[in-house]
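Below is entry_4.cif, which holds mmCIF, C-alpha atoms and all ligand atoms.
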data_target
loop_
_atom_site.label_atom_id
_atom_site.label_comp_id
_atom_site.auth_asym_id
_atom_site.auth_seq_id
_atom_site.Cartn_x
_atom_site.Cartn_y
_atom_site.Cartn_z
CA MET P 20 58.14 47.27 20.18
CA ARG P 21 58.31 50.69 21.84
CA PRO P 22 59.64 51.19 25.37
CA ILE P 23 57.05 52.13 28.02
CA SER P 24 59.15 55.22 28.74
CA ASP P 25 57.98 56.59 25.35
CA LEU P 26 54.72 57.39 27.12
CA ASP P 27 54.22 60.64 29.00
CA TRP P 28 54.75 61.15 32.73
CA ARG P 29 56.16 63.83 34.94
CA GLY P 30 59.26 61.91 36.03
CA ARG P 31 60.96 62.08 32.66
CA ALA P 32 63.26 64.97 33.60
CA GLU P 33 63.68 64.12 37.28
CA PRO P 34 66.91 62.67 38.68
CA ARG P 35 66.68 58.97 39.49
CA PRO P 36 68.19 57.98 42.81
CA ASP P 37 70.20 54.76 42.87
CA LEU P 38 68.83 51.79 44.83
CA VAL P 39 70.08 48.48 46.11
CA ILE P 40 67.18 46.16 46.90
CA SER P 41 68.92 43.54 48.94
CA ARG P 42 68.14 39.80 49.33
CA ALA P 43 64.83 39.94 47.48
CA ALA P 44 63.08 36.97 45.91
CA VAL P 45 63.43 38.21 42.34
CA LEU P 46 60.93 36.74 39.89
CA ASP P 47 60.71 37.63 36.19
CA PRO P 48 59.37 34.59 34.31
CA ARG P 49 59.78 36.29 30.91
CA ALA P 50 63.52 36.68 31.51
CA GLY P 51 63.90 33.31 33.26
CA ILE P 52 64.86 34.94 36.58
CA ASP P 53 63.74 33.26 39.82
CA ASP P 54 66.29 33.61 42.61
CA VAL P 55 67.23 35.45 45.80
CA LEU P 56 69.33 38.36 44.58
CA ASP P 57 70.33 41.99 45.11
CA VAL P 58 68.75 44.27 42.54
CA VAL P 59 71.03 47.20 41.80
CA VAL P 60 69.31 50.18 40.16
CA ARG P 61 71.70 52.80 38.81
CA GLY P 62 70.87 55.74 36.57
CA GLY P 63 67.30 54.50 36.17
CA GLU P 64 68.36 51.09 34.89
CA VAL P 65 68.62 47.64 36.39
CA ALA P 66 72.41 47.74 36.44
CA GLU P 67 73.03 44.38 38.02
CA LEU P 68 71.42 41.34 39.66
CA ALA P 69 74.06 40.44 42.23
CA PRO P 70 74.39 37.50 44.65
CA PRO P 71 72.55 38.29 47.91
CA GLY P 72 74.41 40.77 50.10
CA THR P 73 76.94 41.77 47.45
CA GLY P 74 75.08 44.46 45.48
CA GLU P 75 76.65 47.89 45.71
CA ALA P 76 76.13 51.35 44.30
CA GLU P 77 77.82 54.39 45.75
CA GLY P 78 75.43 56.68 47.58
CA ALA P 79 72.51 54.35 46.88
CA GLU P 80 69.59 53.80 49.22
CA VAL P 81 69.85 50.22 50.46
CA ILE P 82 66.56 48.42 51.09
CA ASP P 83 66.52 45.21 53.08
CA ALA P 84 64.07 43.09 51.12
CA GLU P 85 64.54 39.74 52.82
CA GLY P 86 61.28 37.75 52.51
CA LYS P 87 59.92 40.19 49.96
CA HIS P 88 59.46 39.87 46.21
CA VAL P 89 60.71 41.99 43.34
CA PHE P 90 58.67 41.59 40.13
CA PRO P 91 58.65 43.49 36.86
CA ALA P 92 56.12 46.26 37.49
CA PHE P 93 52.62 45.81 36.08
CA PHE P 94 51.08 47.35 32.97
CA ASP P 95 47.35 48.06 32.68
CA PRO P 96 46.00 48.48 29.15
CA HIS P 97 42.51 49.44 30.36
CA VAL P 98 41.98 52.37 32.73
CA HIS P 99 39.45 55.20 32.85
CA LEU P 100 41.01 58.47 34.01
CA ARG P 101 37.72 60.39 33.50
CA THR P 102 39.37 63.54 32.23
CA PRO P 103 38.13 65.68 30.57
CA GLY P 104 34.68 66.10 32.02
CA GLY P 105 34.61 63.67 34.94
CA GLU P 106 37.18 65.15 37.29
CA ASP P 107 34.88 64.68 40.27
CA ALA P 108 35.66 60.96 39.82
CA GLU P 109 39.33 60.95 38.69
CA ASP P 110 41.97 62.78 36.70
CA VAL P 111 45.45 62.08 35.37
CA GLU P 112 47.13 62.90 38.67
CA THR P 113 44.91 60.81 40.98
CA GLY P 114 44.47 57.92 38.56
CA SER P 115 48.18 57.57 37.86
CA ARG P 116 48.88 57.77 41.60
CA ALA P 117 46.43 54.91 42.13
CA ALA P 118 48.30 53.00 39.42
CA ALA P 119 51.65 53.57 41.11
CA ALA P 120 50.15 52.39 44.42
CA GLY P 121 49.00 49.20 42.70
CA GLY P 122 52.47 48.43 41.36
CA TYR P 123 51.94 49.66 37.80
CA CYS P 124 54.69 51.23 35.70
CA GLY P 125 52.37 52.12 32.83
CA ILE P 126 48.67 52.48 32.06
CA LEU P 127 46.54 53.15 29.01
CA ALA P 128 43.55 55.47 29.36
CA MET P 129 40.26 54.99 27.55
CA ALA P 130 38.71 57.72 25.42
CA ASN P 131 35.06 57.70 26.59
CA THR P 132 35.41 61.01 28.40
CA ILE P 133 33.10 64.05 28.20
CA PRO P 134 33.58 64.99 25.42
CA PRO P 135 35.23 61.88 23.99
CA VAL P 136 38.89 61.99 22.92
CA ASP P 137 38.49 62.03 19.14
CA THR P 138 40.84 64.69 17.73
CA ALA P 139 44.61 65.12 17.51
CA ALA P 140 44.27 68.27 19.65
CA ASP P 141 42.53 66.22 22.40
CA ILE P 142 45.40 63.73 22.39
CA SER P 143 48.03 66.49 22.53
CA ALA P 144 46.28 68.20 25.46
CA LEU P 145 46.09 64.96 27.44
CA ARG P 146 49.73 64.15 26.72
CA GLU P 147 50.71 67.55 28.11
CA ARG P 148 48.68 66.86 31.23
CA ALA P 149 50.41 63.51 31.69
CA ALA P 150 53.85 65.08 31.20
CA ALA P 151 53.04 67.54 33.99
CA GLU P 152 51.03 65.39 36.41
CA ALA P 153 51.33 61.64 35.92
CA SER P 154 53.16 59.50 38.49
CA VAL P 155 53.72 56.73 35.93
CA PRO P 156 53.86 56.67 32.11
CA VAL P 157 50.35 57.07 30.66
CA GLY P 158 49.19 56.43 27.11
CA PHE P 159 45.91 57.67 25.69
CA LEU P 160 43.61 55.89 23.29
CA ALA P 161 41.40 57.82 20.89
CA THR P 162 37.89 56.83 19.97
CA LEU P 163 37.30 54.73 16.91
CA THR P 164 34.28 56.75 15.83
CA ARG P 165 33.61 60.49 16.03
CA GLY P 166 31.90 61.39 19.27
CA MET P 167 31.60 57.64 19.92
CA ALA P 168 28.49 57.82 17.79
CA GLY P 169 29.40 54.59 16.02
CA GLU P 170 29.01 56.07 12.54
CA GLU P 171 31.98 58.01 11.10
CA LEU P 172 35.54 56.91 11.78
CA THR P 173 37.92 59.32 13.48
CA GLU P 174 41.02 60.58 11.62
CA MET P 175 42.98 57.51 12.65
CA ALA P 176 46.25 58.43 10.92
CA ASP P 177 46.26 61.98 12.40
CA LEU P 178 45.49 60.62 15.85
CA SER P 179 48.32 58.14 15.50
CA ASP P 180 50.69 60.96 14.47
CA ALA P 181 49.58 62.98 17.54
CA GLY P 182 50.62 60.09 19.77
CA ALA P 183 47.43 58.12 20.40
CA VAL P 184 48.38 54.58 21.43
CA GLY P 185 45.30 52.79 20.08
CA PHE P 186 41.63 53.14 19.27
CA SER P 187 38.56 52.18 21.24
CA ASP P 188 34.96 53.22 21.73
CA ASP P 189 35.10 51.42 25.11
CA GLY P 190 31.99 51.98 27.12
CA LEU P 191 30.10 51.14 23.95
CA PRO P 192 30.37 48.38 21.36
CA VAL P 193 30.81 49.14 17.66
CA ARG P 194 27.30 48.18 16.67
CA ASP P 195 27.65 48.57 12.90
CA ALA P 196 29.79 45.75 11.49
CA ASN P 197 30.62 47.78 8.41
CA VAL P 198 32.01 50.65 10.52
CA LEU P 199 34.31 48.22 12.30
CA ARG P 200 35.25 46.61 9.01
CA ARG P 201 36.41 49.98 7.64
CA ALA P 202 38.36 50.72 10.82
CA LEU P 203 40.10 47.37 10.54
CA SER P 204 41.08 48.09 6.94
CA TYR P 205 42.48 51.53 7.97
CA GLN P 206 44.57 49.85 10.66
CA ARG P 207 47.16 49.26 7.94
CA LEU P 208 47.71 53.05 7.73
CA ALA P 209 47.36 54.03 11.37
CA GLY P 210 49.13 50.93 12.57
CA LEU P 211 47.60 50.87 16.04
CA GLN P 212 45.67 48.34 18.06
CA ILE P 213 41.87 48.40 18.05
CA ALA P 214 40.40 47.56 21.46
CA LEU P 215 36.80 46.38 21.60
CA HIS P 216 34.10 46.48 24.27
CA GLU P 217 32.11 43.50 23.04
CA GLU P 218 28.41 43.55 23.63
CA ASP P 219 25.34 43.23 21.42
CA PRO P 220 23.19 46.17 22.53
CA ASP P 221 20.01 44.42 21.41
CA LEU P 222 20.77 41.35 23.53
CA SER P 223 21.94 43.42 26.50
CA GLY P 224 18.82 45.57 26.37
CA LYS P 225 18.24 47.29 29.70
CA GLY P 226 20.07 44.56 31.61
CA VAL P 227 21.80 45.53 34.85
CA MET P 228 23.42 42.20 35.84
CA HIS P 229 24.28 38.74 34.50
CA GLU P 230 21.26 36.87 33.16
CA GLY P 231 20.87 33.68 35.18
CA PRO P 232 19.25 32.18 38.27
CA VAL P 233 20.35 35.10 40.49
CA SER P 234 18.84 37.76 38.21
CA ALA P 235 15.65 35.69 38.08
CA VAL P 236 15.41 35.55 41.88
CA LEU P 237 16.12 39.26 42.22
CA GLY P 238 13.72 40.14 39.42
CA LEU P 239 16.41 42.23 37.70
CA GLU P 240 16.87 42.41 33.96
CA GLY P 241 19.82 40.34 32.79
CA ILE P 242 22.65 40.69 30.28
CA PRO P 243 23.12 37.25 28.71
CA ALA P 244 26.60 35.80 28.18
CA VAL P 245 25.87 35.50 24.45
CA SER P 246 25.57 39.29 24.24
CA GLU P 247 29.38 39.29 24.57
CA SER P 248 30.40 36.06 22.83
CA THR P 249 28.40 36.60 19.63
CA MET P 250 30.00 40.03 19.10
CA ILE P 251 33.48 38.61 19.69
CA ALA P 252 32.76 35.93 17.09
CA ARG P 253 31.59 38.59 14.61
CA ASP P 254 34.62 40.80 15.18
CA ALA P 255 37.13 37.94 15.10
CA ALA P 256 35.70 37.01 11.70
CA LEU P 257 35.99 40.62 10.51
CA ALA P 258 39.60 40.86 11.74
CA ALA P 259 40.45 37.64 9.93
CA TYR P 260 38.78 38.88 6.75
CA GLU P 261 40.65 42.21 6.82
CA GLY P 262 43.94 40.72 8.00
CA ALA P 263 43.76 43.06 11.01
CA ARG P 264 44.38 42.61 14.71
CA ILE P 265 42.00 43.26 17.59
CA HIS P 266 42.16 43.31 21.37
CA VAL P 267 39.04 42.18 23.21
CA GLN P 268 38.44 44.02 26.45
CA HIS P 269 37.16 42.64 29.77
CA LEU P 270 36.23 39.07 28.82
CA SER P 271 33.53 37.87 31.22
CA ALA P 272 31.85 34.73 29.88
CA ARG P 273 32.77 31.08 29.35
CA GLU P 274 31.38 31.26 25.81
CA SER P 275 33.71 34.19 25.07
CA VAL P 276 36.78 32.24 26.18
CA ASP P 277 35.72 29.46 23.78
CA VAL P 278 35.28 31.94 20.90
CA VAL P 279 38.70 33.55 21.50
CA ALA P 280 40.38 30.14 21.78
CA ALA P 281 38.85 29.06 18.46
CA ALA P 282 39.88 32.33 16.77
CA LYS P 283 43.45 31.99 18.03
CA ALA P 284 43.56 28.38 16.85
CA ALA P 285 42.44 29.59 13.42
CA GLY P 286 45.31 32.10 13.33
CA VAL P 287 43.33 35.31 13.93
CA ALA P 288 45.46 38.13 15.41
CA ILE P 289 43.35 38.50 18.55
CA SER P 290 44.34 39.20 22.14
CA CYS P 291 42.16 39.65 25.19
CA GLU P 292 42.12 40.64 28.84
CA ALA P 293 40.23 39.70 32.01
CA THR P 294 39.75 41.80 35.15
CA PRO P 295 40.53 40.83 38.75
CA HIS P 296 36.83 41.12 39.63
CA HIS P 297 35.70 38.75 36.87
CA LEU P 298 38.49 36.33 37.85
CA THR P 299 37.50 36.24 41.54
CA LEU P 300 33.82 37.19 41.99
CA THR P 301 30.45 35.96 40.68
CA ASP P 302 26.88 37.26 40.39
CA GLU P 303 26.20 35.84 43.87
CA GLU P 304 27.64 39.15 45.14
CA VAL P 305 24.78 41.02 43.50
CA ARG P 306 22.30 39.43 45.95
CA THR P 307 23.31 42.23 48.33
CA LEU P 308 22.05 44.77 45.74
CA ASP P 309 25.16 46.77 46.55
CA ALA P 310 26.01 48.92 43.52
CA ARG P 311 29.71 48.33 44.17
CA PHE P 312 29.11 45.02 42.37
CA LYS P 313 27.58 46.64 39.31
CA MET P 314 29.76 46.85 36.23
CA ASN P 315 29.62 46.11 32.52
CA PRO P 316 30.24 43.35 31.58
CA PRO P 317 28.61 42.06 34.76
CA LEU P 318 29.94 39.55 37.27
CA ARG P 319 28.83 36.20 35.87
CA ALA P 320 28.34 32.63 37.10
CA GLU P 321 30.93 30.40 38.78
CA ALA P 322 31.42 28.40 35.55
CA ASP P 323 32.28 31.64 33.74
CA ARG P 324 34.73 32.68 36.43
CA GLN P 325 36.43 29.29 36.28
CA ALA P 326 36.63 29.46 32.48
CA LEU P 327 38.40 32.83 32.73
CA VAL P 328 40.89 31.46 35.25
CA GLU P 329 41.49 28.43 33.04
CA GLY P 330 41.81 30.72 29.99
CA LEU P 331 44.41 32.79 31.81
CA ARG P 332 46.33 29.66 32.70
CA ALA P 333 46.15 28.29 29.15
CA GLY P 334 47.13 31.60 27.54
CA THR P 335 43.79 32.14 25.79
CA VAL P 336 43.43 35.17 28.07
CA ASP P 337 46.60 37.14 27.42
CA CYS P 338 46.62 39.57 30.29
CA ILE P 339 44.97 40.96 33.41
CA ALA P 340 43.53 44.48 33.05
CA THR P 341 41.55 46.33 35.71
CA ASP P 342 39.00 48.37 33.71
CA HIS P 343 39.49 50.83 36.59
CA ALA P 344 36.25 52.83 36.34
CA PRO P 345 35.90 55.49 39.04
CA HIS P 346 32.53 57.06 39.85
CA PRO P 347 31.58 59.72 42.40
CA PRO P 348 29.37 58.59 45.34
CA GLN P 349 26.22 60.17 43.96
CA ARG P 350 26.35 57.85 40.95
CA LYS P 351 26.83 54.72 43.07
CA GLU P 352 24.92 55.33 46.30
CA VAL P 353 21.54 54.90 44.63
CA PRO P 354 19.29 51.85 44.01
CA PHE P 355 21.07 49.09 42.09
CA GLU P 356 19.09 49.54 38.87
CA GLU P 357 19.94 53.25 38.67
CA ALA P 358 23.62 53.07 39.67
CA ALA P 359 26.43 53.70 37.19
CA MET P 360 28.32 50.67 35.88
CA GLY P 361 31.99 50.29 36.81
CA VAL P 362 34.40 49.69 39.68
CA THR P 363 37.86 50.95 40.59
CA GLY P 364 40.65 48.40 40.59
CA LEU P 365 44.21 49.67 40.25
CA GLU P 366 45.09 49.68 43.94
CA THR P 367 43.85 46.18 44.72
CA ALA P 368 44.45 44.21 41.51
CA PHE P 369 47.55 42.24 42.42
CA ALA P 370 46.70 41.77 46.11
CA VAL P 371 43.26 40.39 45.15
CA ILE P 372 44.70 37.88 42.67
CA HIS P 373 47.45 36.99 45.15
CA THR P 374 44.93 36.42 47.95
CA ASP P 375 42.21 34.60 46.02
CA LEU P 376 44.10 32.71 43.31
CA VAL P 377 47.83 32.46 44.09
CA LEU P 378 47.81 31.66 47.83
CA PRO P 379 45.12 28.93 47.48
CA GLY P 380 47.28 27.36 44.73
CA VAL P 381 44.87 27.97 41.83
CA LEU P 382 47.35 30.00 39.75
CA ASP P 383 51.12 29.98 39.78
CA LEU P 384 52.72 33.21 41.05
CA GLY P 385 55.04 33.44 38.04
CA LEU P 386 52.14 33.10 35.61
CA VAL P 387 50.21 35.88 37.35
CA VAL P 388 53.26 38.15 37.39
CA GLU P 389 53.68 37.63 33.64
CA ARG P 390 49.99 38.26 32.88
CA MET P 391 49.97 41.45 34.99
CA SER P 392 52.21 43.18 32.46
CA ALA P 393 51.45 41.27 29.25
CA GLY P 394 48.89 43.91 28.26
CA ALA P 395 51.81 46.06 27.10
CA THR P 396 52.53 43.64 24.26
CA ALA P 397 49.02 43.86 22.82
CA PHE P 398 49.55 47.61 22.27
CA GLY P 399 53.06 47.37 20.88
CA PHE P 400 55.01 48.19 24.05
CA ALA P 401 57.90 46.09 25.29
CA PRO P 402 56.79 44.55 28.59
CA PRO P 403 58.87 45.46 31.64
CA THR P 404 61.72 43.14 32.53
CA LEU P 405 64.33 42.87 35.27
CA ALA P 406 67.05 41.78 32.86
CA PRO P 407 70.20 43.86 33.53
CA GLY P 408 70.46 46.83 31.17
CA SER P 409 66.69 47.36 31.08
CA ALA P 410 64.88 50.47 32.29
CA ALA P 411 63.99 49.95 35.95
CA ASN P 412 60.28 49.10 36.06
CA LEU P 413 59.80 47.06 39.18
CA VAL P 414 57.54 46.45 42.12
CA LEU P 415 58.59 45.51 45.65
CA PHE P 416 55.88 43.28 47.11
CA ASP P 417 55.58 41.94 50.67
CA PRO P 418 53.57 38.68 50.52
CA GLU P 419 52.90 38.54 54.27
CA PRO P 420 50.90 41.49 55.63
CA GLU P 421 47.13 41.37 55.88
CA TRP P 422 45.39 44.65 55.24
CA GLU P 423 41.89 45.90 54.75
CA ALA P 424 41.24 47.37 51.32
CA GLY P 425 40.22 51.00 51.62
CA ALA P 426 40.88 51.26 55.39
CA ASP P 427 43.61 53.88 54.80
CA GLY P 428 41.62 55.58 52.06
CA TRP P 429 42.45 55.43 48.37
CA GLU P 430 44.89 57.22 46.10
CA SER P 431 42.12 57.25 43.50
CA ARG P 432 39.65 60.11 43.88
CA SER P 433 36.88 57.51 43.91
CA ALA P 434 36.09 54.71 46.35
CA ASN P 435 33.78 52.50 44.31
CA SER P 436 35.88 49.37 44.75
CA CYS P 437 34.10 46.02 44.87
CA PHE P 438 36.86 44.91 47.25
CA ASP P 439 36.39 47.76 49.74
CA GLY P 440 36.57 46.35 53.27
CA ARG P 441 38.00 43.00 52.14
CA ARG P 442 40.96 41.51 54.03
CA LEU P 443 43.76 41.06 51.51
CA ARG P 444 47.10 39.32 51.90
CA GLY P 445 50.24 40.89 50.48
CA ARG P 446 50.97 44.50 49.73
CA VAL P 447 52.87 46.63 47.24
CA LEU P 448 55.59 48.45 49.19
CA MET P 449 57.27 50.37 46.39
CA THR P 450 56.90 50.94 42.67
CA VAL P 451 59.73 52.03 40.38
CA ALA P 452 58.44 53.25 37.01
CA ALA P 453 60.73 54.17 34.11
CA GLY P 454 63.67 54.38 36.51
CA GLY P 455 62.14 56.61 39.19
CA VAL P 456 60.44 55.78 42.49
CA ALA P 457 56.76 56.38 41.72
CA TYR P 458 55.29 55.13 45.00
CA ARG P 459 56.17 54.08 48.53
CA GLN P 460 53.59 52.52 50.81
CA ARG P 461 53.20 54.68 53.94
CA SER P 462 54.43 52.14 56.55
CA PHE P 463 57.35 51.25 54.31
CA ALA P 464 58.31 54.90 53.77
CA LEU P 465 58.40 55.39 57.57
CA GLY P 466 60.54 52.27 57.95
CA VAL P 467 63.04 53.68 55.50
CA ALA P 468 63.26 57.03 57.28
CA THR P 469 64.42 55.48 60.59
ZN ZN D 501 33.98 48.35 28.44
ZN ZN D 502 36.37 50.22 30.30
#

In structure tokens, what does this structure look like?
Amino acid sequence: MRPISDLDWRGRAEPRPDLVISRAAVLDPRAGIDDVLDVVVRGGEVAELAPPGTGEAEGAEVIDAEGKHVFPAFFDPHVHLRTPGGEDAEDVETGSRAAAAGGYCGILAMANTIPPVDTAADISALRERAAAEASVPVGFLATLTRGMAGEELTEMADLSDAGAVGFSDDGLPVRDANVLRRALSYQRLAGLQIALHEEDPDLSGKGVMHEGPVSAVLGLEGIPAVSESTMIARDAALAAYEGARIHVQHLSARESVDVVAAAKAAGVAISCEATPHHLTLTDEEVRTLDARFKMNPPLRAEADRQALVEGLRAGTVDCIATDHAPHPPQRKEVPFEEAAMGVTGLETAFAVIHTDLVLPGVLDLGLVVERMSAGATAFGFAPPTLAPGSAANLVLFDPEPEWEAGADGWESRSANSCFDGRRLRGRVLMTVAAGGVAYRQRSFALGVAT
């Protein structure tokens, strides 16, 4: 597996100040670390995990982290940076800053931009942008089909050589099974993951929300759960037939969890992700007709939400991904039916899961911490770890403070968060990505200065 630092970001050439994070509750389930320790970061690496109060590094900044957590930083395999063509919503600089603020040390950007990212030159241009502007390492996917038209495959081997990290037509499903079949057979040459937005366009029709009792009451057209699960079943069968691997994006329905579980049990190389909003919210939110609750796949019923949580616990759902999808106000502040689909998510992801699932005792903190970075594995990157000798990719998290999402504004250029205005418990204070400090929360930065 490749290190996350293989990806592009602007900190590559910068000096990395040494840090001693003292008396922190250090938790890295993958490495079997769960103890109060001093984390010594030297030369961009976790140099040492020392007994509390004993960590030293000459000239290092010492951070008193008593009562705070240090986790491996998070990795998001599903982000929309909207560049090129949608810079009124986001770009590499603002999106990667939002990622750093959320505790991420790496993100993967989708290719459904305007125009779509479908040539080696597109990938090279974006990598240059990331090397100049990104706060954290960023990888770029290329589309699976030219222009996302769903017909001709892109030059997958060339795109791989140019540094694409995977393929996806996300935003759209691959409607033609034979097109996907050919892509899966080419995977042997290009060697990269194929990420799939699973939806049967005929079943989804003009739906704007989950099909169920709430859509019936509101008189809105629904997107049935089987629109997703039937396509996952088709594509799992194709992957098995071609001996290929697939990653299913933003799982939303109970039926989909069942399909993925069955495919895994049958030995299919399939991984999948779920978003914080699908893990914590349901279609009841849509009763407000607030377009901040409009996304695709839609928020579904309580039974679906519970199945996703259970799937995450059982390991059927491999990782948490945000599907961070920024939109400018003019595309969201319109009647529900007309609004764009998608919500932002990088800056609230961990605090939302912590508040709604960890603190009430639904999910174990260690399990959530592991799933927040497991998306790296699905794309061939070594997940971050706090084991001494590793590149320093870590997040300092204070579990105590209550804060209002969005009250201090957002690092993202867009504000279409479905958690805007929500009281959340626990906050990212600092993110170290690939050895460098990528983010400090404002109150924490002031505390350090005094
Ligand atoms: Zn999608
Ligand atoms: Zn997406």

### Atomic separation - CA of Ala244 in chain P relative to CA of Met228 in chain P, Å
10.5 Å

### Message
Within 12 Å of (69.0, 63.4, 43.5) in the file's own coordinates, which protein, DNA or RNA residues have an atom, counting all atoms listed in the file? List them as a PyMOL selection string.
### Response
chain P and resi 32-38+61-63+78-80+455-456

Enumerate, in order of chain and increasing residue number, the residues of chain P with an atom no farther than 12 Å from ligand ZN 502 (chain D), each with its shortest atom pair and distance in Å to one decimal, counting only C-alpha atoms and all ligand atoms, as a tab-separated table.
residue	atom	partner	partner_atom	distance
P:Asp95	CA	D:ZN502	ZN	11.4
P:Pro96	CA	D:ZN502	ZN	9.9
P:His97	CA	D:ZN502	ZN	6.2
P:Val98	CA	D:ZN502	ZN	6.5
P:His99	CA	D:ZN502	ZN	6.4
P:Leu100	CA	D:ZN502	ZN	10.2
P:Arg101	CA	D:ZN502	ZN	10.7
P:Leu127	CA	D:ZN502	ZN	10.7
P:Ala128	CA	D:ZN502	ZN	8.9
P:Met129	CA	D:ZN502	ZN	6.7
P:Ala130	CA	D:ZN502	ZN	9.2
P:Asn131	CA	D:ZN502	ZN	8.5
P:Thr132	CA	D:ZN502	ZN	11.0
P:Leu160	CA	D:ZN502	ZN	11.6
P:Ser187	CA	D:ZN502	ZN	9.5
P:Asp188	CA	D:ZN502	ZN	9.2
P:Asp189	CA	D:ZN502	ZN	5.5
P:Gly190	CA	D:ZN502	ZN	5.7
P:Leu191	CA	D:ZN502	ZN	9.0
P:Pro192	CA	D:ZN502	ZN	10.9
P:Ala214	CA	D:ZN502	ZN	10.1
P:Leu215	CA	D:ZN502	ZN	9.5
P:His216	CA	D:ZN502	ZN	7.4
P:Glu217	CA	D:ZN502	ZN	10.8
P:Val267	CA	D:ZN502	ZN	11.0
P:Gln268	CA	D:ZN502	ZN	7.6
P:His269	CA	D:ZN502	ZN	7.6
P:Leu270	CA	D:ZN502	ZN	11.2
P:Glu292	CA	D:ZN502	ZN	11.3
P:Ala293	CA	D:ZN502	ZN	11.3
P:Thr294	CA	D:ZN502	ZN	10.3
P:Met314	CA	D:ZN502	ZN	9.5
P:Asn315	CA	D:ZN502	ZN	8.2
P:Pro316	CA	D:ZN502	ZN	9.3
P:Ala340	CA	D:ZN502	ZN	9.6
P:Thr341	CA	D:ZN502	ZN	8.4
P:Asp342	CA	D:ZN502	ZN	4.7
P:His343	CA	D:ZN502	ZN	7.0
P:Ala344	CA	D:ZN502	ZN	6.6
P:Pro345	CA	D:ZN502	ZN	10.2
P:Met360	CA	D:ZN502	ZN	9.8
P:Gly361	CA	D:ZN502	ZN	7.8
P:Val362	CA	D:ZN502	ZN	9.6
P:Thr363	CA	D:ZN502	ZN	10.4
P:Gly364	CA	D:ZN502	ZN	11.3

Take the point (31.5, 34.3, 22.0) as written in the file and pick out every residue within 7 Å of it, counting only C-alpha atoms; give the list as a short mmCIF file (atom, residue, chain, number, x, y, z; two decimals) with C-alpha atoms, keeping the file's coordinate frame.
data_model
loop_
_atom_site.label_atom_id
_atom_site.label_comp_id
_atom_site.auth_asym_id
_atom_site.auth_seq_id
_atom_site.Cartn_x
_atom_site.Cartn_y
_atom_site.Cartn_z
CA VAL P 245 25.87 35.50 24.45
CA GLU P 247 29.38 39.29 24.57
CA SER P 248 30.40 36.06 22.83
CA THR P 249 28.40 36.60 19.63
CA MET P 250 30.00 40.03 19.10
CA ILE P 251 33.48 38.61 19.69
CA ALA P 252 32.76 35.93 17.09
CA GLU P 274 31.38 31.26 25.81
CA SER P 275 33.71 34.19 25.07
CA ASP P 277 35.72 29.46 23.78
CA VAL P 278 35.28 31.94 20.90
#

### Query
Using all atoms listed in the file, which residue out of P:Ala288, P:Leu46, P:Val193, P:Leu386 lies closest to ligand ZN 501 (chain D)?
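Among the listed residues, P:Val193 lies closest to ligand ZN 501 (chain D).
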
### Query
When you draw a straight line from CA of Arg461 in chain P to CA of Leu448 in chain P, how long is it in Å?
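So the two atoms, CA of Arg461 in chain P and CA of Leu448 in chain P, lie 8.2 Å apart.
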
### Task
May I ask for the distance between CA of Leu56 in chain P and CA of Ile372 in chain P, given in Å to one decimal place?
24.7 Å

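The residue that comes closest to Val377 in chain P, out of P:Gly210, P:Gly445, P:Gly330, P:Gly408 and on the basis of all atoms listed in the file, is P:Gly445.
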
### Query
Which of these residues is nearest to Ile213 in chain P, using all atoms listed in the file: P:Phe159, P:Tyr123, P:Phe398, P:Phe94?
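So, comparing all the options, the nearest one is P:Phe398.
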
### Query
Hey, which of P:Glu230, P:Asp137, P:Asp110, P:Asp254 ends up closest to Ile242 in chain P? Count all atoms listed in the file.
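Smallest distance to Ile242 in chain P is found for P:Glu230.
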
Tell me, as a JSON list (two decimals) with C-alpha atoms, in the coordinates of the input, which residues lie within 10 Å of Val451 in chain P, counting all atoms listed in the file; anything in the same chain fewer than 5 positions away does not count.
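Listed below is the output, selection03.json:
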[["chain", "number", "residue", "atom", "x", "y", "z"],
["P", 35, "ARG", "CA", 66.68, 58.97, 39.49],
["P", 60, "VAL", "CA", 69.31, 50.18, 40.16],
["P", 63, "GLY", "CA", 67.30, 54.50, 36.17],
["P", 91, "PRO", "CA", 58.65, 43.49, 36.86],
["P", 92, "ALA", "CA", 56.12, 46.26, 37.49],
["P", 119, "ALA", "CA", 51.65, 53.57, 41.11],
["P", 122, "GLY", "CA", 52.47, 48.43, 41.36],
["P", 123, "TYR", "CA", 51.94, 49.66, 37.80],
["P", 124, "CYS", "CA", 54.69, 51.23, 35.70],
["P", 155, "VAL", "CA", 53.72, 56.73, 35.93],
["P", 410, "ALA", "CA", 64.88, 50.47, 32.29],
["P", 411, "ALA", "CA", 63.99, 49.95, 35.95],
["P", 412, "ASN", "CA", 60.28, 49.10, 36.06],
["P", 413, "LEU", "CA", 59.80, 47.06, 39.18],
["P", 414, "VAL", "CA", 57.54, 46.45, 42.12],
["P", 415, "LEU", "CA", 58.59, 45.51, 45.65],
["P", 456, "VAL", "CA", 60.44, 55.78, 42.49],
["P", 457, "ALA", "CA", 56.76, 56.38, 41.72],
["P", 458, "TYR", "CA", 55.29, 55.13, 45.00],
["P", 459, "ARG", "CA", 56.17, 54.08, 48.53]]

#### Entry: 12 Å contact set for range 424-428 of chain P, all atoms listed in the file, chain neighbours under 5 positions out, as a VMD selection string
chain P and resid 117 120 to 121 363 to 368 370 to 371 433 to 446 460 to 462

### Query
Which residue gives the smallest distance to ligand ZN 501 (chain D) among P:Glu109, P:Gly51, P:Ala255, P:His266, with only C-alpha atoms and all ligand atoms counted?
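Looking only at the distances to ligand ZN 501 (chain D), the closest residue turns out to be P:His266.
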